[in-house]
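Pasting coords19.csv here (CSV, C-alpha atoms):
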```
chain,number,residue,atom,x,y,z
A,1,MET,CA,0.0,0.0,0.0
A,2,LEU,CA,2.8,2.3,0.8
A,3,ASN,CA,4.4,1.6,-2.6
A,4,ALA,CA,1.1,2.5,-4.3
A,5,LEU,CA,0.8,5.8,-2.4
A,6,VAL,CA,4.4,6.7,-3.1
A,7,LEU,CA,4.0,5.8,-6.8
A,8,MET,CA,1.2,8.2,-7.2
A,9,LYS,CA,3.3,10.9,-5.5
A,10,MET,CA,6.1,10.2,-7.9
A,11,VAL,CA,4.3,10.1,-11.2
A,12,THR,CA,2.5,13.4,-10.6
A,13,GLN,CA,5.7,15.4,-9.9
A,14,SER,CA,6.9,17.8,-12.6
A,15,ALA,CA,10.1,15.9,-13.2
A,16,PHE,CA,8.2,12.7,-14.1
A,17,VAL,CA,5.3,14.4,-15.9
A,18,ASN,CA,7.7,16.3,-18.2
A,19,ASP,CA,10.0,13.3,-18.9
A,20,PRO,CA,10.4,12.6,-22.6
A,21,ALA,CA,9.4,8.9,-22.0
A,22,VAL,CA,5.8,10.0,-21.2
A,23,THR,CA,5.6,12.9,-23.6
A,24,PHE,CA,4.0,12.4,-27.0
A,25,ASN,CA,3.4,15.0,-29.7
A,26,GLY,CA,4.7,17.6,-27.2
A,27,LYS,CA,2.1,16.7,-24.5
A,28,SER,CA,2.5,14.5,-21.4
A,29,VAL,CA,0.2,11.6,-21.0
A,30,ILE,CA,0.0,12.4,-17.2
A,31,SER,CA,-2.1,15.3,-16.0
A,32,GLN,CA,-1.0,17.6,-13.1
A,33,ASN,CA,-4.6,18.5,-12.6
A,34,ARG,CA,-5.8,16.8,-9.4
A,35,SER,CA,-9.3,16.5,-10.8
A,36,ASP,CA,-8.0,14.1,-13.4
A,37,TRP,CA,-6.6,11.7,-10.8
A,38,HIS,CA,-8.8,8.7,-10.1
A,39,TYR,CA,-8.6,5.1,-8.9
A,40,THR,CA,-10.5,2.1,-10.1
A,41,GLY,CA,-9.9,-1.5,-9.2
A,42,ASN,CA,-11.8,-4.8,-9.3
A,43,SER,CA,-11.8,-7.9,-7.1
A,44,GLN,CA,-8.6,-7.6,-5.0
A,45,GLY,CA,-8.3,-4.1,-6.4
A,46,GLY,CA,-11.8,-3.4,-5.2
A,47,ILE,CA,-11.1,-4.9,-1.8
A,48,MET,CA,-7.8,-3.3,-1.2
A,49,GLY,CA,-8.9,-0.2,-3.1
A,50,ALA,CA,-10.9,0.8,0.0
A,51,VAL,CA,-7.7,1.1,2.0
A,52,TYR,CA,-5.9,3.0,-0.8
A,53,ILE,CA,-8.6,5.6,-1.4
A,54,SER,CA,-9.2,6.3,2.3
A,55,SER,CA,-5.5,6.9,2.9
A,56,SER,CA,-4.5,8.8,-0.3
A,57,THR,CA,-3.7,12.4,-0.1
A,58,ASP,CA,-3.8,12.8,-3.9
A,59,VAL,CA,-6.7,10.7,-5.3
A,60,GLU,CA,-10.2,11.7,-4.1
A,61,LYS,CA,-12.5,9.6,-6.3
A,62,ALA,CA,-12.6,5.9,-6.8
A,63,VAL,CA,-14.8,3.1,-8.3
A,64,LEU,CA,-14.4,-0.1,-6.4
A,65,GLY,CA,-15.6,-3.1,-8.5
A,66,VAL,CA,-16.7,-6.4,-6.9
A,67,GLY,CA,-14.9,-5.7,-3.7
A,68,GLY,CA,-15.9,-5.9,-0.1
A,69,ALA,CA,-14.8,-6.5,3.5
A,70,PRO,CA,-14.1,-7.9,6.0
A,71,TYR,CA,-12.1,-10.9,4.8
A,72,GLY,CA,-13.6,-13.0,7.6
A,73,ILE,CA,-17.0,-12.7,5.7
A,74,LEU,CA,-15.5,-12.9,2.2
A,75,LEU,CA,-13.3,-16.0,2.5
A,76,PRO,CA,-15.8,-18.7,3.6
A,77,ARG,CA,-18.2,-17.5,0.9
A,78,SER,CA,-15.7,-17.6,-1.9
A,79,THR,CA,-14.9,-20.4,-4.4
A,80,ASP,CA,-11.3,-19.1,-4.4
A,81,PHE,CA,-11.0,-20.2,-0.7
A,82,SER,CA,-12.6,-23.6,-1.1
A,83,THR,CA,-9.4,-25.7,-1.0
A,84,LEU,CA,-7.9,-23.8,1.9
A,85,PHE,CA,-11.3,-23.9,3.6
A,86,ASP,CA,-11.2,-27.7,3.4
A,87,VAL,CA,-7.8,-27.7,5.1
A,88,LEU,CA,-9.2,-25.5,7.9
A,89,LYS,CA,-12.1,-27.9,8.3
A,90,LEU,CA,-9.6,-30.8,8.9
A,91,LYS,CA,-8.1,-28.8,11.8
A,92,TYR,CA,-11.4,-27.4,13.1
A,93,PRO,CA,-14.2,-29.8,12.2
A,94,ARG,CA,-16.8,-27.7,14.1
A,95,SER,CA,-18.1,-24.8,12.1
A,96,ILE,CA,-18.3,-22.6,15.2
A,97,ASP,CA,-14.6,-23.1,15.8
A,98,ARG,CA,-13.8,-22.2,12.3
A,99,MET,CA,-15.7,-18.9,12.6
A,100,GLU,CA,-14.0,-18.1,15.9
A,101,ALA,CA,-10.6,-18.7,14.3
A,102,LEU,CA,-11.5,-16.4,11.3
A,103,ALA,CA,-12.8,-13.8,13.7
A,104,LEU,CA,-9.6,-13.8,15.7
A,105,ILE,CA,-7.4,-13.6,12.6
A,106,GLN,CA,-9.6,-10.7,11.4
A,107,ALA,CA,-8.4,-8.6,14.3
A,108,LEU,CA,-4.9,-8.7,12.6
A,109,TRP,CA,-6.3,-8.3,9.1
A,110,ASP,CA,-8.2,-5.1,10.1
A,111,ARG,CA,-4.9,-3.2,9.8
A,112,MET,CA,-5.0,-3.7,6.1
A,113,ASP,CA,-8.6,-4.6,5.4
A,114,GLY,CA,-11.2,-2.3,4.1
A,115,SER,CA,-13.3,-2.9,7.2
A,116,GLY,CA,-10.7,-1.1,9.3
A,117,TRP,CA,-10.6,1.9,6.9
A,118,ALA,CA,-14.0,2.3,5.4
A,119,SER,CA,-15.2,5.0,7.8
A,120,TYR,CA,-12.4,7.3,6.6
A,121,ILE,CA,-13.5,7.2,3.0
A,122,THR,CA,-16.5,9.5,3.0
A,123,ARG,CA,-16.1,11.0,6.4
A,124,GLY,CA,-12.3,11.8,6.2
A,125,GLY,CA,-10.5,12.0,9.5
A,126,LEU,CA,-7.0,10.9,8.7
A,127,PRO,CA,-4.3,13.6,9.3
A,128,ASN,CA,-3.8,15.9,6.3
A,129,THR,CA,-6.1,13.7,4.2
A,130,PRO,CA,-9.2,14.9,2.4
A,131,ALA,CA,-12.6,13.3,2.5
A,132,HIS,CA,-13.0,10.9,-0.4
A,133,ARG,CA,-15.8,9.6,-2.6
A,134,ALA,CA,-16.4,6.1,-3.9
A,135,ILE,CA,-18.8,4.0,-5.9
A,136,TRP,CA,-19.0,0.3,-5.2
A,137,HIS,CA,-20.2,-2.1,-7.9
A,138,TYR,CA,-21.2,-5.7,-7.2
A,139,GLY,CA,-23.0,-8.4,-9.1
A,140,LEU,CA,-25.6,-10.9,-7.8
A,141,GLY,CA,-24.3,-14.4,-8.5
A,142,ASP,CA,-20.7,-13.5,-7.7
A,143,ALA,CA,-19.1,-16.7,-6.5
A,144,GLN,CA,-15.8,-15.1,-5.5
A,145,VAL,CA,-16.6,-11.9,-3.6
A,146,SER,CA,-19.9,-12.0,-1.8
A,147,TRP,CA,-22.4,-9.1,-2.2
A,148,LEU,CA,-22.7,-9.2,1.6
A,149,GLY,CA,-19.1,-8.0,2.0
A,150,CYS,CA,-19.7,-5.2,-0.5
A,151,HIS,CA,-22.8,-4.2,1.5
A,152,ALA,CA,-20.7,-4.3,4.8
A,153,VAL,CA,-17.9,-2.0,3.6
A,154,SER,CA,-20.0,0.5,1.6
A,155,LEU,CA,-22.5,0.8,4.5
A,156,SER,CA,-19.6,1.5,6.9
A,157,ALA,CA,-18.5,4.2,4.5
A,158,GLY,CA,-21.9,5.8,4.6
A,159,ALA,CA,-22.7,5.1,1.0
A,160,SER,CA,-26.1,5.9,-0.5
A,161,MET,CA,-28.1,3.5,-2.7
A,162,PHE,CA,-30.7,4.2,-5.3
A,163,GLN,CA,-34.2,3.1,-4.3
A,164,SER,CA,-34.6,0.5,-7.1
A,165,ASN,CA,-31.3,-1.3,-6.3
A,166,VAL,CA,-31.5,-5.0,-7.0
A,167,HIS,CA,-31.6,-7.3,-4.1
A,168,GLU,CA,-30.8,-11.0,-3.4
A,169,GLY,CA,-33.7,-13.2,-2.4
A,170,ASN,CA,-35.8,-11.7,0.4
A,171,GLU,CA,-33.0,-9.3,1.4
A,172,THR,CA,-34.1,-5.8,2.5
A,173,LEU,CA,-32.0,-2.7,1.8
A,174,THR,CA,-33.5,-0.3,4.3
A,175,GLN,CA,-30.3,0.0,6.3
A,176,PHE,CA,-28.9,2.2,3.5
A,177,ASN,CA,-29.6,5.8,2.8
A,178,LEU,CA,-32.0,5.2,-0.1
A,179,VAL,CA,-32.3,8.0,-2.7
A,180,PRO,CA,-34.6,8.5,-5.7
A,181,ASP,CA,-33.5,6.8,-8.9
A,182,ASN,CA,-33.3,10.2,-10.6
A,183,ALA,CA,-31.2,11.7,-7.9
A,184,VAL,CA,-27.8,13.3,-8.8
A,185,LEU,CA,-25.4,12.9,-6.0
A,186,THR,CA,-22.7,15.6,-5.9
A,187,SER,CA,-21.3,14.6,-2.6
A,188,GLY,CA,-20.8,11.3,-0.6
A,189,SER,CA,-20.5,7.8,-1.9
A,190,ALA,CA,-22.8,5.2,-3.4
A,191,VAL,CA,-23.2,1.5,-4.0
A,192,MET,CA,-24.9,-0.2,-6.9
A,193,GLY,CA,-25.7,-3.9,-7.6
A,194,PHE,CA,-26.3,-5.6,-10.9
A,195,ASN,CA,-28.6,-8.5,-11.5
A,196,TYR,CA,-27.7,-10.9,-14.3
A,197,ASN,CA,-30.5,-13.4,-13.5
A,198,LEU,CA,-28.1,-16.0,-12.2
A,199,PRO,CA,-28.7,-18.6,-9.5
A,200,GLN,CA,-28.7,-17.1,-6.0
A,201,VAL,CA,-25.5,-17.6,-4.0
A,202,PRO,CA,-25.8,-19.1,-0.5
A,203,PHE,CA,-27.0,-16.8,2.3
A,204,VAL,CA,-25.2,-19.1,4.7
A,205,ASN,CA,-21.5,-19.3,5.4
A,206,ILE,CA,-20.4,-21.7,2.7
A,207,PRO,CA,-18.9,-21.3,-0.8
A,208,PRO,CA,-21.3,-21.2,-3.8
A,209,ASN,CA,-21.8,-24.3,-5.9
A,210,ASP,CA,-20.1,-24.5,-9.3
A,211,GLY,CA,-21.9,-22.6,-11.9
A,212,PHE,CA,-21.8,-19.4,-13.9
A,213,ASP,CA,-19.9,-16.7,-11.9
A,214,ALA,CA,-20.8,-13.0,-12.2
A,215,HIS,CA,-17.5,-11.8,-10.7
A,216,GLU,CA,-16.2,-10.5,-14.1
A,217,CYS,CA,-19.5,-9.0,-15.2
A,218,PRO,CA,-19.9,-5.6,-13.5
A,219,ARG,CA,-16.7,-4.2,-14.9
A,220,ARG,CA,-17.8,-5.2,-18.4
A,221,THR,CA,-21.4,-3.9,-18.1
A,222,PRO,CA,-22.0,-0.8,-20.2
A,223,GLU,CA,-24.2,0.8,-17.5
A,224,ALA,CA,-21.4,0.4,-14.9
A,225,GLN,CA,-18.8,1.8,-17.2
A,226,ALA,CA,-21.0,4.8,-18.0
A,227,GLN,CA,-21.6,5.5,-14.3
A,228,MET,CA,-17.9,5.4,-13.7
A,229,ALA,CA,-17.1,7.7,-16.6
A,230,HIS,CA,-19.8,10.2,-15.6
A,231,PHE,CA,-18.5,10.2,-12.0
A,232,PHE,CA,-14.9,10.7,-12.9
A,233,TYR,CA,-15.6,13.5,-15.5
A,234,THR,CA,-18.3,15.4,-13.6
A,235,GLY,CA,-18.1,14.4,-10.0
A,236,GLU,CA,-21.8,13.4,-10.1
A,237,ILE,CA,-23.2,9.9,-9.2
A,238,VAL,CA,-26.2,9.0,-11.3
A,239,ASN,CA,-28.3,5.9,-11.9
A,240,THR,CA,-27.3,5.0,-15.4
A,241,CYS,CA,-29.7,2.0,-15.4
A,242,ASN,CA,-32.7,4.5,-15.0
A,243,GLY,CA,-34.1,2.1,-12.4
A,244,ALA,CA,-33.2,-1.4,-11.2
A,245,CYS,CA,-30.0,-2.7,-12.9
A,246,ASN,CA,-31.5,-6.0,-14.3
A,247,VAL,CA,-29.1,-6.3,-17.2
A,248,PRO,CA,-28.0,-9.0,-19.6
A,249,ILE,CA,-24.7,-10.9,-19.2
A,250,PRO,CA,-22.1,-9.0,-21.2
A,251,ASP,CA,-20.7,-10.9,-24.2
A,252,ASN,CA,-17.1,-10.6,-22.9
A,253,CYS,CA,-17.9,-11.7,-19.3
A,254,ALA,CA,-15.8,-14.7,-18.7
A,255,HIS,CA,-17.1,-17.7,-16.7
```
Using the file provided, produce a representation of the structure as structure tokens.
Amino acid sequence: MLNALVLMKMVTQSAFVNDPAVTFNGKSVISQNRSDWHYTGNSQGGIMGAVYISSSTDVEKAVLGVGGAPYGILLPRSTDFSTLFDVLKLKYPRSIDRMEALALIQALWDRMDGSGWASYITRGGLPNTPAHRAIWHYGLGDAQVSWLGCHAVSLSAGASMFQSNVHEGNETLTQFNLVPDNAVLTSGSAVMGFNYNLPQVPFVNIPPNDGFDAHECPRRTPEAQAQMAHFFYTGEIVNTCNGACNVPIPDNCAH
């Protein structure tokens, strides 16, 4: 994380910006205008991106795709953790013991987990660090990063949600600050889900069964891309689905 923060400092300095290696047709490809500096990351980049954007003194806007926190929630619900979870089950055959172990480990992970930093994103509070804004994107049917983790971290950051936001099963979304679908948010953060009409992932603390995985889909969804572009260019957060984001699976969304 320190490397990422220092890298941003370095590449925005005049000596680097004006270097011939990044200058084409007499113009640098790197802007020194802070309003042009943004962050976007998906999966691990969406998970760890919450730490980056909350601690950055340079970048103030981010789009965090298919991310979430804490890891104690994400891992048991992820197909990526299935093999290691089986090893954990051999050592701790009782499910309650496994959850206690993950909860204890989480106390160490909080130092570099979005759950330990989320409250600083919108609200600020770190020394000499501005308040930041973020949009979280998640997909129903994501077998790698649970929508539940995305809800947890975005809610901790005080993110708003459009009233028609899609929901999983009989889930209620009343804990979020719900805003009208035609609202234009010029401050604060937001979270938006996308429904690809895929089988529901388990509500319980187990990995999803094999099947189509929506993890790659939000970043390739035109409505998500349009929302990100509008946010970065104008600073406004709008509902580019004009209602609930019940969208088709993108053609280039890998299994």
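For the atom pair formed by CA of Ile47 in chain A and CA of Val184 in chain A, the distance is 25.7 Å, given to one decimal.
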Range 187-244 of chain A residues near range 146-161 of chain A within 9 Å, closest pair each, using all atoms listed in the file, as a tab-separated table:
```
residue	atom	partner	partner_atom	distance
A:Gly188	CA	A:Ala159	CA	6.7
A:Ser189	CA	A:Ala159	CA	4.5
A:Ala190	CA	A:Ala159	CA	4.4
A:Val191	CA	A:Met161	CA	5.4
A:Met192	CA	A:Met161	CA	6.4
A:Gly193	CA	A:Trp147	CA	8.2
A:Val201	CA	A:Ser146	CA	8.2
A:Phe203	CA	A:Leu148	CA	8.8
```
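Of note, CA of Tyr233 in chain A and CA of Asp113 in chain A are spaced 28.5 Å apart.
Between CA of Ala229 in chain A and CA of Tyr71 in chain A the separation is 28.8 Å.
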Extract, using only C-alpha atoms, all DNA, RNA and protein residues at most 12 Å from Asp213 in chain A, discarding same-chain residues fewer than 5 positions from it, and format them as a PyMOL selection string.
chain A and resi 66+78-80+139-146+195-201+208+218+249+253-255
Just the residues within 7 Å of Phe162 in chain A, please, counting all atoms listed in the file, with nothing from its chain fewer than 3 positions along; format it as a list of chain:residue names.
A:Asn165, A:Leu178, A:Val179, A:Pro180, A:Asp181
Show which residues sit within 10 Å of Glu223 in chain A, as an MDAnalysis selection string. Count all atoms listed in the file, and ignore same-chain residues fewer than 6 positions away.
chainID A and resid 194 229 239:242 245 247
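Nearest to Cys217 in chain A of all the residues A:Leu90, A:Ile53, A:Gly65, A:Ala183 is A:Gly65, based on only C-alpha atoms.
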Nearest to Thr129 in chain A among A:Glu168, A:Glu236, A:Asp86, A:Asp58, with distances taken over only C-alpha atoms: which residue is it?
A:Asp58
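The smallest atom-to-atom distance between Arg98 in chain A and any of A:Glu171, A:Ala118, A:Gly72, A:Pro202, using all atoms listed in the file, is found for A:Gly72.
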List the spatial neighbours of range 22-34 of chain A as a ChimeraX atom specification - criterion: any atom at most 10 Å away, all atoms listed in the file, same-chain residues fewer than 4 positions off excluded.
/A:11-14,16-18,38,58-60
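Considering the residues A:Ala69, A:Leu75, A:Ala214, A:Met8 and counting only C-alpha atoms, Gly116 in chain A has its shortest atom-to-atom contact with A:Ala69.
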